[in-house]
$ cat model34.cif   # mmCIF, C-alpha atoms
data_my_file
loop_
_atom_site.label_atom_id
_atom_site.label_comp_id
_atom_site.auth_asym_id
_atom_site.auth_seq_id
_atom_site.Cartn_x
_atom_site.Cartn_y
_atom_site.Cartn_z
CA MET R 1 28.59 -3.90 -8.95
CA LEU R 2 25.84 -2.09 -7.10
CA TYR R 3 25.42 -2.68 -3.36
CA PRO R 4 28.17 -5.32 -3.16
CA TYR R 5 27.71 -5.91 0.59
CA ARG R 6 23.89 -6.04 0.60
CA ASN R 7 23.82 -9.73 1.55
CA ASP R 8 26.56 -9.76 4.20
CA ALA R 9 24.15 -9.85 7.16
CA ARG R 10 22.32 -12.75 5.50
CA LYS R 11 25.56 -14.77 5.45
CA THR R 12 25.29 -14.87 9.24
CA LEU R 13 21.51 -14.70 9.62
CA ILE R 14 20.43 -17.54 7.29
CA PRO R 15 22.66 -20.21 8.90
CA TYR R 16 21.53 -18.94 12.31
CA LEU R 17 17.87 -19.22 11.33
CA ASN R 18 18.43 -22.68 9.83
CA SER R 19 19.92 -23.90 13.10
CA LEU R 20 17.32 -22.30 15.36
CA ASP R 21 14.61 -24.49 16.87
CA GLU R 22 11.30 -23.63 15.18
CA ASN R 23 9.67 -22.97 18.56
CA PHE R 24 11.98 -19.98 19.08
CA TRP R 25 10.59 -18.38 15.93
CA PHE R 26 7.19 -17.94 17.57
CA ILE R 27 8.03 -16.96 21.17
CA GLN R 28 6.73 -13.55 22.17
CA SER R 29 8.10 -11.81 25.23
CA ASP R 30 6.03 -9.76 27.63
CA THR R 31 8.13 -6.68 26.88
CA TYR R 32 8.48 -6.81 23.09
CA PRO R 33 5.51 -7.22 20.75
CA ASN R 34 7.08 -8.96 17.73
CA THR R 35 8.26 -12.51 17.22
CA LEU R 36 11.22 -13.60 15.15
CA ALA R 37 8.70 -15.07 12.66
CA TRP R 38 7.00 -11.68 12.33
CA ILE R 39 10.34 -9.89 11.77
CA ILE R 40 11.56 -12.23 9.01
CA ALA R 41 8.14 -12.39 7.31
CA HIS R 42 7.92 -8.59 7.47
CA ILE R 43 11.40 -8.11 5.95
CA ALA R 44 10.61 -10.50 3.09
CA SER R 45 7.10 -9.15 2.46
CA SER R 46 8.30 -5.55 2.54
CA GLU R 47 11.05 -6.31 0.03
CA ASP R 48 8.47 -8.02 -2.18
CA TYR R 49 6.15 -4.99 -1.92
CA TRP R 50 8.81 -2.35 -2.63
CA ILE R 51 10.52 -4.21 -5.46
CA ASN R 52 7.52 -5.80 -7.15
CA GLU R 53 4.57 -3.55 -6.53
CA ILE R 54 6.21 -0.15 -6.16
CA ALA R 55 9.31 -0.31 -8.37
CA MET R 56 8.37 -2.88 -11.03
CA LYS R 57 4.56 -2.36 -11.01
CA ASN R 58 4.05 -6.14 -10.69
CA THR R 59 2.06 -8.28 -8.31
CA CYS R 60 3.74 -9.37 -5.10
CA ILE R 61 4.93 -12.98 -5.16
CA LEU R 62 5.02 -13.83 -1.44
CA ASN R 63 2.15 -14.56 0.92
CA LEU R 64 3.81 -14.67 4.33
CA ASN R 65 2.75 -13.81 7.84
CA GLU R 66 3.82 -14.80 11.34
CA LYS R 67 1.47 -17.80 11.20
CA SER R 68 3.42 -19.28 8.29
CA SER R 69 5.84 -22.05 9.24
CA ALA R 70 9.46 -21.18 9.92
CA LYS R 71 10.42 -23.04 6.73
CA GLU R 72 7.89 -21.09 4.63
CA ILE R 73 9.11 -17.79 6.06
CA LEU R 74 12.80 -18.61 5.59
CA ASP R 75 12.20 -19.93 2.06
CA GLY R 76 10.32 -16.73 1.19
CA TYR R 77 13.06 -14.58 2.74
CA ILE R 78 15.67 -16.33 0.56
CA GLN R 79 13.46 -16.44 -2.54
CA ILE R 80 12.66 -12.73 -2.59
CA ARG R 81 16.32 -11.75 -2.31
CA HIS R 82 17.26 -14.00 -5.24
CA TYR R 83 14.48 -12.28 -7.19
CA THR R 84 15.62 -8.79 -6.12
CA ASP R 85 19.23 -9.62 -6.97
CA GLU R 86 18.16 -10.70 -10.47
CA ILE R 87 16.44 -7.36 -10.99
CA LEU R 88 19.39 -5.43 -9.54
CA HIS R 89 21.80 -7.23 -11.89
CA SER R 90 19.59 -6.77 -14.95
CA VAL R 91 18.74 -3.09 -14.54
CA ASN R 92 20.44 -0.59 -16.79
CA LEU R 93 22.50 1.96 -14.89
CA SER R 94 20.62 4.69 -16.74
CA GLU R 95 17.35 3.41 -15.19
CA LEU R 96 18.53 3.81 -11.60
CA ASN R 97 17.66 7.50 -11.46
CA THR R 98 14.14 6.98 -12.78
CA LEU R 99 11.62 8.44 -10.34
CA ILE R 100 9.26 5.92 -8.77
CA GLU R 101 5.75 6.81 -7.66
CA VAL R 102 5.38 6.08 -3.95
CA PRO R 103 1.91 5.85 -2.37
CA ASN R 104 0.77 8.00 0.52
CA PHE R 105 1.09 6.05 3.75
CA ASN R 106 -1.49 6.31 6.54
CA ASP R 107 1.12 7.27 9.12
CA GLY R 108 2.31 10.20 6.98
CA TRP R 109 5.72 8.69 6.16
CA LYS R 110 7.33 10.06 3.03
CA PRO R 111 10.66 9.13 1.43
CA PRO R 112 13.41 11.44 2.74
CA SER R 113 14.91 11.66 -0.76
CA ASP R 114 13.49 11.59 -4.26
CA PRO R 115 12.25 8.01 -4.70
CA THR R 116 14.24 6.66 -7.62
CA LEU R 117 14.80 3.00 -8.48
CA ASN R 118 18.22 3.33 -6.84
CA TRP R 119 16.55 4.76 -3.72
CA VAL R 120 14.12 1.79 -3.59
CA PHE R 121 17.00 -0.72 -3.56
CA ASN R 122 18.75 1.27 -0.84
CA HIS R 123 15.51 1.52 1.17
CA VAL R 124 14.97 -2.25 1.01
CA TYR R 125 18.51 -2.98 2.24
CA MET R 126 18.39 -0.38 5.02
CA HIS R 127 14.97 -1.61 6.15
CA GLU R 128 16.29 -5.15 6.39
CA THR R 129 19.31 -4.05 8.44
CA TYR R 130 17.08 -2.12 10.83
CA HIS R 131 14.92 -5.17 11.52
CA ILE R 132 17.82 -7.63 11.67
CA GLY R 133 19.05 -5.62 14.64
CA GLN R 134 15.82 -6.47 16.43
CA ILE R 135 16.54 -10.20 16.19
CA ALA R 136 19.32 -10.02 18.78
CA LEU R 137 16.95 -8.17 21.11
CA ILE R 138 14.23 -10.80 20.63
CA ALA R 139 16.74 -13.60 21.29
CA HIS R 140 18.02 -11.88 24.44
CA LEU R 141 14.54 -11.19 25.83
CA ASN R 142 13.47 -14.77 25.21
CA GLY R 143 16.64 -16.41 26.47
CA PHE R 144 17.96 -18.08 23.35
CA GLN R 145 21.21 -17.73 21.41
CA LYS R 146 21.49 -14.54 19.37
CA PRO R 147 23.11 -14.32 15.94
CA LEU R 148 26.75 -13.27 15.95
CA PHE R 149 26.87 -10.19 13.74
#
$ encode --input "model34.cif" --output "structure tokens"
Amino acid sequence: MLYPYRNDARKTLIPYLNSLDENFWFIQSDTYPNTLAWIIAHIASSEDYWINEIAMKNTCILNLNEKSSAKEILDGYIQIRHYTDEILHSVNLSELNTLIEVPNFNDGWKPPSDPTLNWVFNHVYMHETYHIGQIALIAHLNGFQKPLF
């Protein structure tokens, strides 16, 4: 099985998000620009973009932003991972090393390795982990319970 631990952080994060008062999703501190809603919507939308638009050459399926309700954001976050997992489980191992065309980004970012389908999956999971780390910071700055990772 590829990436067998890809959903481990979600096993803690999703119950935490389900139990969190919706008001906490939208609190913005004076010292940190992003809200919890923005972080989760960004993770889900980025996964949708990389898997659907970049890797599969399909249209994105989510339409989330930080103004979406907490339920809409959490549902989208869960939905896109089910979708990604279906693709991951259906892909032929021989397809994983297929090069993927990556657009030029305005900030000059380029993939550090050849962008293969395997690289795209890895990128999505690493990106999520990076942003999940910010959730504890947001909780601390705003004075509410942080997830126990």
$ residues_around --input "model34.cif" --residues "stretch 56-68 of chain R" --least-positions-apart "2" --cutoff "12 Å" --atoms "all atoms listed in the file" --output "PyMOL selection string"
chain R and resi 22+25-28+34-54+70-81+83-84+87-88+91+95+98-102+116-117+120-121
$ write_last_selection --input "model34.cif" --atoms "C-alpha atoms" --output "mmCIF file, in the coordinates of the input"
data_model
loop_
_atom_site.group_PDB
_atom_site.id
_atom_site.type_symbol
_atom_site.label_atom_id
_atom_site.label_comp_id
_atom_site.auth_asym_id
_atom_site.auth_seq_id
_atom_site.Cartn_x
_atom_site.Cartn_y
_atom_site.Cartn_z
ATOM 1 C CA GLU R 22 11.300 -23.630 15.180
ATOM 2 C CA TRP R 25 10.590 -18.380 15.930
ATOM 3 C CA PHE R 26 7.190 -17.940 17.570
ATOM 4 C CA ILE R 27 8.030 -16.960 21.170
ATOM 5 C CA GLN R 28 6.730 -13.550 22.170
ATOM 6 C CA ASN R 34 7.080 -8.960 17.730
ATOM 7 C CA THR R 35 8.260 -12.510 17.220
ATOM 8 C CA LEU R 36 11.220 -13.600 15.150
ATOM 9 C CA ALA R 37 8.700 -15.070 12.660
ATOM 10 C CA TRP R 38 7.000 -11.680 12.330
ATOM 11 C CA ILE R 39 10.340 -9.890 11.770
ATOM 12 C CA ILE R 40 11.560 -12.230 9.010
ATOM 13 C CA ALA R 41 8.140 -12.390 7.310
ATOM 14 C CA HIS R 42 7.920 -8.590 7.470
ATOM 15 C CA ILE R 43 11.400 -8.110 5.950
ATOM 16 C CA ALA R 44 10.610 -10.500 3.090
ATOM 17 C CA SER R 45 7.100 -9.150 2.460
ATOM 18 C CA SER R 46 8.300 -5.550 2.540
ATOM 19 C CA GLU R 47 11.050 -6.310 0.030
ATOM 20 C CA ASP R 48 8.470 -8.020 -2.180
ATOM 21 C CA TYR R 49 6.150 -4.990 -1.920
ATOM 22 C CA TRP R 50 8.810 -2.350 -2.630
ATOM 23 C CA ILE R 51 10.520 -4.210 -5.460
ATOM 24 C CA ASN R 52 7.520 -5.800 -7.150
ATOM 25 C CA GLU R 53 4.570 -3.550 -6.530
ATOM 26 C CA ILE R 54 6.210 -0.150 -6.160
ATOM 27 C CA ALA R 70 9.460 -21.180 9.920
ATOM 28 C CA LYS R 71 10.420 -23.040 6.730
ATOM 29 C CA GLU R 72 7.890 -21.090 4.630
ATOM 30 C CA ILE R 73 9.110 -17.790 6.060
ATOM 31 C CA LEU R 74 12.800 -18.610 5.590
ATOM 32 C CA ASP R 75 12.200 -19.930 2.060
ATOM 33 C CA GLY R 76 10.320 -16.730 1.190
ATOM 34 C CA TYR R 77 13.060 -14.580 2.740
ATOM 35 C CA ILE R 78 15.670 -16.330 0.560
ATOM 36 C CA GLN R 79 13.460 -16.440 -2.540
ATOM 37 C CA ILE R 80 12.660 -12.730 -2.590
ATOM 38 C CA ARG R 81 16.320 -11.750 -2.310
ATOM 39 C CA TYR R 83 14.480 -12.280 -7.190
ATOM 40 C CA THR R 84 15.620 -8.790 -6.120
ATOM 41 C CA ILE R 87 16.440 -7.360 -10.990
ATOM 42 C CA LEU R 88 19.390 -5.430 -9.540
ATOM 43 C CA VAL R 91 18.740 -3.090 -14.540
ATOM 44 C CA GLU R 95 17.350 3.410 -15.190
ATOM 45 C CA THR R 98 14.140 6.980 -12.780
ATOM 46 C CA LEU R 99 11.620 8.440 -10.340
ATOM 47 C CA ILE R 100 9.260 5.920 -8.770
ATOM 48 C CA GLU R 101 5.750 6.810 -7.660
ATOM 49 C CA VAL R 102 5.380 6.080 -3.950
ATOM 50 C CA THR R 116 14.240 6.660 -7.620
ATOM 51 C CA LEU R 117 14.800 3.000 -8.480
ATOM 52 C CA VAL R 120 14.120 1.790 -3.590
ATOM 53 C CA PHE R 121 17.000 -0.720 -3.560
#
$ closest_residue --input "model34.cif" --among "R:Ala55, R:Ala136, R:Leu17, R:Leu93" --to "R:Leu148" --atoms "only C-alpha atoms"
R:Ala136
$ residues_around --input "model34.cif" --residues "stretch 128-135 of chain R" --least-positions-apart "3" --cutoff "8 Å" --atoms "all atoms listed in the file" --output "PyMOL selection string"
chain R and resi 9+36+39+43+124-125+138-139+146-147
$ atom_distance --input "model34.cif" --atom1 "atom CA of R:Leu13" --atom2 "atom CA of R:Pro111"
27.4 Å
$ atom_distance --input "model34.cif" --atom1 "atom CA of R:His140" --atom2 "atom CA of R:Arg6"
25.2 Å
$ atom_distance --input "model34.cif" --atom1 "atom CA of R:Asn18" --atom2 "atom CA of R:His127"
21.7 Å
$ closest_residue --input "model34.cif" --among "R:Phe24, R:Trp119, R:Tyr3, R:Phe105" --to "R:Leu141" --atoms "only C-alpha atoms"
R:Phe24
$ closest_residue --input "model34.cif" --among "R:His82, R:Asn142, R:Leu137, R:Pro103" --to "R:Asp30" --atoms "all atoms listed in the file"
R:Asn142
$ closest_residue --input "model34.cif" --among "R:Thr12, R:Asn104, R:Pro4, R:Ser69" --to "R:His89" --atoms "only C-alpha atoms"
R:Pro4
